[in-house]
>>> print(open('coords33.cif').read())   # mmCIF, C-alpha atoms
data_query
loop_
_atom_site.label_atom_id
_atom_site.label_comp_id
_atom_site.auth_asym_id
_atom_site.auth_seq_id
_atom_site.Cartn_x
_atom_site.Cartn_y
_atom_site.Cartn_z
CA GLN A 1 -78.86 -138.24 55.67
CA CYS A 2 -78.03 -139.39 59.14
CA ALA A 3 -79.89 -142.07 61.10
CA PRO A 4 -81.09 -141.46 64.66
CA TRP A 5 -78.28 -141.75 67.24
CA GLU A 6 -75.61 -141.44 64.52
CA SER A 7 -73.37 -138.53 63.59
CA PHE A 8 -70.56 -137.64 61.24
CA GLU A 9 -68.43 -134.66 60.33
CA ILE A 10 -69.14 -132.84 57.06
CA GLU A 11 -65.80 -132.48 55.29
CA GLY A 12 -64.43 -129.56 53.27
CA MET A 13 -66.00 -126.68 55.21
CA GLN A 14 -62.83 -125.15 56.69
CA PRO A 15 -62.36 -123.07 58.75
CA PHE A 16 -65.58 -124.55 60.15
CA ARG A 17 -66.11 -127.96 61.67
CA ILE A 18 -69.66 -129.11 61.06
CA ARG A 19 -71.07 -132.22 62.67
CA LEU A 20 -74.39 -133.64 61.49
CA LEU A 21 -76.39 -135.54 64.10
CA GLY A 22 -79.44 -137.75 63.65
CA CYS A 23 -81.73 -136.84 66.52
CA PRO A 24 -83.08 -139.76 68.59
CA THR A 25 -86.76 -140.66 68.27
CA ALA A 26 -89.27 -142.17 70.68
CA GLY A 27 -90.97 -144.00 67.81
CA SER A 28 -94.24 -142.09 68.19
CA GLY A 29 -94.73 -141.69 64.44
CA GLU A 30 -95.06 -137.90 64.83
CA SER A 31 -93.77 -136.29 61.61
CA ASN A 32 -91.68 -133.69 63.48
CA GLU A 33 -89.98 -136.26 65.68
CA GLY A 34 -86.28 -136.87 65.15
CA GLY A 35 -84.68 -134.96 62.32
CA LEU A 36 -81.21 -133.54 61.91
CA VAL A 37 -79.06 -131.21 63.98
CA LEU A 38 -75.99 -129.24 62.89
CA ASP A 39 -73.25 -128.55 65.44
CA VAL A 40 -71.14 -125.80 63.82
CA ARG A 41 -67.79 -124.72 65.22
CA GLY A 42 -65.87 -121.77 63.89
CA PRO A 43 -62.64 -120.06 64.84
CA HIS A 44 -64.39 -117.96 67.49
CA GLY A 45 -67.47 -119.84 68.58
CA ARG A 46 -70.10 -122.51 68.22
CA ALA A 47 -73.69 -122.70 67.02
CA VAL A 48 -76.26 -125.52 67.21
CA MET A 49 -78.97 -125.57 64.57
CA LEU A 50 -82.03 -127.59 65.55
CA GLY A 51 -84.87 -128.72 63.27
CA ASP A 52 -88.37 -129.55 64.48
CA GLN A 53 -87.41 -131.80 67.38
CA PHE A 54 -89.32 -131.86 70.64
CA GLY A 55 -89.61 -133.75 73.91
CA TYR A 56 -87.75 -137.04 73.92
CA GLY A 57 -85.47 -136.10 71.02
CA LEU A 58 -84.35 -132.84 72.64
CA ARG A 59 -83.75 -134.53 75.98
CA GLU A 60 -81.77 -137.40 74.47
CA LEU A 61 -79.76 -135.06 72.24
CA ARG A 62 -77.83 -134.04 75.35
CA SER A 63 -76.16 -137.47 75.36
CA MET A 64 -74.91 -136.92 71.78
CA ILE A 65 -73.69 -133.35 71.88
CA GLU A 66 -71.13 -131.49 73.98
CA PRO A 67 -72.40 -129.00 76.56
CA GLY A 68 -72.13 -125.24 76.18
CA PRO A 69 -71.80 -122.44 76.57
CA ILE A 70 -72.37 -121.71 72.88
CA GLU A 71 -72.86 -118.48 70.96
CA LEU A 72 -76.05 -119.36 69.09
CA VAL A 73 -78.90 -121.84 68.94
CA LEU A 74 -81.51 -122.03 66.18
CA LEU A 75 -84.67 -123.04 68.02
CA PRO A 76 -86.81 -125.95 66.85
CA HIS A 77 -90.26 -125.81 65.30
CA HIS A 78 -90.54 -122.03 64.80
CA GLY A 79 -90.42 -121.29 68.55
CA LEU A 80 -93.57 -123.32 69.13
CA THR A 81 -91.87 -126.26 70.86
CA THR A 82 -91.32 -126.09 74.60
CA ASP A 83 -91.33 -129.79 75.59
CA GLY A 84 -87.73 -130.74 76.39
CA LEU A 85 -86.29 -127.46 75.19
CA GLY A 86 -85.69 -125.96 78.63
CA GLU A 87 -83.36 -128.78 79.61
CA LEU A 88 -81.45 -128.42 76.33
CA LEU A 89 -81.15 -124.64 76.79
CA ASP A 90 -79.71 -125.20 80.26
CA TYR A 91 -77.25 -127.73 78.83
CA LEU A 92 -76.12 -125.64 75.84
CA GLN A 93 -76.27 -122.22 77.56
CA PRO A 94 -76.63 -120.22 74.34
CA ARG A 95 -75.86 -116.53 74.33
CA VAL A 96 -78.38 -115.83 71.53
CA ALA A 97 -81.34 -117.79 70.16
CA TRP A 98 -82.71 -117.44 66.65
CA VAL A 99 -86.28 -118.31 65.76
CA SER A 100 -87.49 -118.74 62.19
CA THR A 101 -91.16 -117.85 62.56
CA SER A 102 -93.96 -115.54 61.47
CA SER A 103 -95.83 -112.91 63.45
CA LYS A 104 -98.94 -115.13 63.48
CA ASN A 105 -97.11 -117.36 66.00
CA PHE A 106 -96.73 -114.53 68.53
CA PRO A 107 -96.64 -114.62 71.44
CA LEU A 108 -94.12 -117.43 71.03
CA PRO A 109 -94.55 -120.24 73.56
CA ILE A 110 -90.78 -120.44 74.06
CA ALA A 111 -90.35 -116.71 74.81
CA ALA A 112 -90.96 -117.08 78.56
CA GLN A 113 -88.29 -119.80 78.87
CA LEU A 114 -85.77 -117.68 76.99
CA GLN A 115 -86.51 -114.62 79.09
CA ALA A 116 -86.28 -116.60 82.35
CA ARG A 117 -82.79 -117.76 81.32
CA GLY A 118 -81.66 -114.32 80.18
CA ILE A 119 -81.15 -115.52 76.60
CA GLU A 120 -81.38 -112.80 73.97
CA TRP A 121 -83.50 -113.90 71.01
CA LYS A 122 -84.36 -112.73 67.53
CA ALA A 123 -87.15 -113.78 65.18
CA THR A 124 -87.07 -113.69 61.38
CA CYS A 125 -90.38 -111.85 61.25
CA THR A 126 -89.10 -108.90 63.28
CA ALA A 127 -85.43 -108.51 62.35
CA ALA A 128 -82.64 -109.84 60.20
CA LEU A 129 -80.78 -112.67 61.85
CA THR A 130 -77.22 -111.39 62.15
CA LEU A 131 -74.17 -112.45 64.09
CA PRO A 132 -72.02 -110.00 66.00
CA SER A 133 -68.74 -109.39 64.19
CA GLY A 134 -66.11 -112.04 64.83
CA ILE A 135 -68.45 -114.73 66.12
CA LEU A 136 -68.06 -118.11 64.39
CA CYS A 137 -66.38 -116.73 61.28
CA TYR A 138 -63.50 -114.74 59.85
CA HIS A 139 -65.44 -112.68 57.31
CA TRP A 140 -68.78 -113.35 55.63
#
>>> encode(input="coords33.cif", output="structure tokens")
Amino acid sequence: QCAPWESFEIEGMQPFRIRLLGCPTAGSGESNEGGLVLDVRGPHGRAVMLGDQFGYGLRELRSMIEPGPIELVLLPHHGLTTDGLGELLDYLQPRVAWVSTSSKNFPLPIAAQLQARGIEWKATCTAALTLPSGILCYHW
């Protein structure tokens, strides 16, 4: 667990450095507000794994996390969240975005923002989520 606005490094994951961040909340009481973020650094790259954050939390996250460019971002809330995500995408500058979603959510609301930024994206319902060889890891 990690409280909003706090972070710590998860030990024992070499060669990776994994930082857990408690996403800020606006106090709206919305169940998807806040949550946790993983900032994963490997020998050859960086990935940021978001949860179900939106709006205020995504905007404020920029003050807690280093800017990109990064290799990979896991998008929040199954690709359904757009509020605040554009600013975070511009800040992180991911090369690839992953979306854990089902085909019933298509067309994904976030797809237009990804396309406008030239960010390649993959969804779990259409393809296996794979990393290009050598990105983030030695061998998996």
>>> closest_residue(input="coords33.cif", among="A:Gly35, A:Gly45, A:Gly29, A:Gly79", to="Ser7 of chain A", atoms="only C-alpha atoms")
A:Gly35
>>> axis_aligned_box(input="coords33.cif", around="segment 112-123 of chain A", padding_each_side="8 Å", output="AutoDock Vina command-line options")
--center_x -86.1 --center_y -116.3 --center_z 73.8 --size_x 25.8 --size_y 23.1 --size_z 33.2
>>> resolve_selection(input="coords33.cif", expression="the PyMOL selection byres ((chain A and resi 21-24) around 10)", output="PyMOL selection string")
chain A and resi 1-9+18-20+25-27+33-39+50-51+53-54+56-61+63-65
>>> residues_near_point(input="coords33.cif", point="(-73.3, -126.4, 75.5)", cutoff="12 Å", atoms="only C-alpha atoms", output="count of residues only")
29
>>> atom_distance(input="coords33.cif", atom1="atom CA of Cys125 of chain A", atom2="atom CA of Leu85 of chain A")
21.3 Å
>>> resolve_selection(input="coords33.cif", expression="the PyMOL selection byres ((chain A and resi 121) around 7)", output="JSON, numbers by chain")
{"A": [96, 97, 98, 119, 120, 122, 123]}
>>> resolve_selection(input="coords33.cif", expression="the PyMOL selection byres ((chain A and resi 81) around 10)", output="tab-separated table (two decimals) with C-alpha atoms, keeping the file's coordinate frame")
chain	number	residue	atom	x	y	z
A	52	ASP	CA	-88.37	-129.55	64.48
A	53	GLN	CA	-87.41	-131.80	67.38
A	54	PHE	CA	-89.32	-131.86	70.64
A	55	GLY	CA	-89.61	-133.75	73.91
A	75	LEU	CA	-84.67	-123.04	68.02
A	76	PRO	CA	-86.81	-125.95	66.85
A	77	HIS	CA	-90.26	-125.81	65.30
A	78	HIS	CA	-90.54	-122.03	64.80
A	79	GLY	CA	-90.42	-121.29	68.55
A	80	LEU	CA	-93.57	-123.32	69.13
A	82	THR	CA	-91.32	-126.09	74.60
A	83	ASP	CA	-91.33	-129.79	75.59
A	84	GLY	CA	-87.73	-130.74	76.39
A	85	LEU	CA	-86.29	-127.46	75.19
A	86	GLY	CA	-85.69	-125.96	78.63
A	108	LEU	CA	-94.12	-117.43	71.03
A	109	PRO	CA	-94.55	-120.24	73.56
A	110	ILE	CA	-90.78	-120.44	74.06
>>> atom_distance(input="coords33.cif", atom1="atom CA of Thr130 of chain A", atom2="atom CA of Met49 of chain A")
14.5 Å
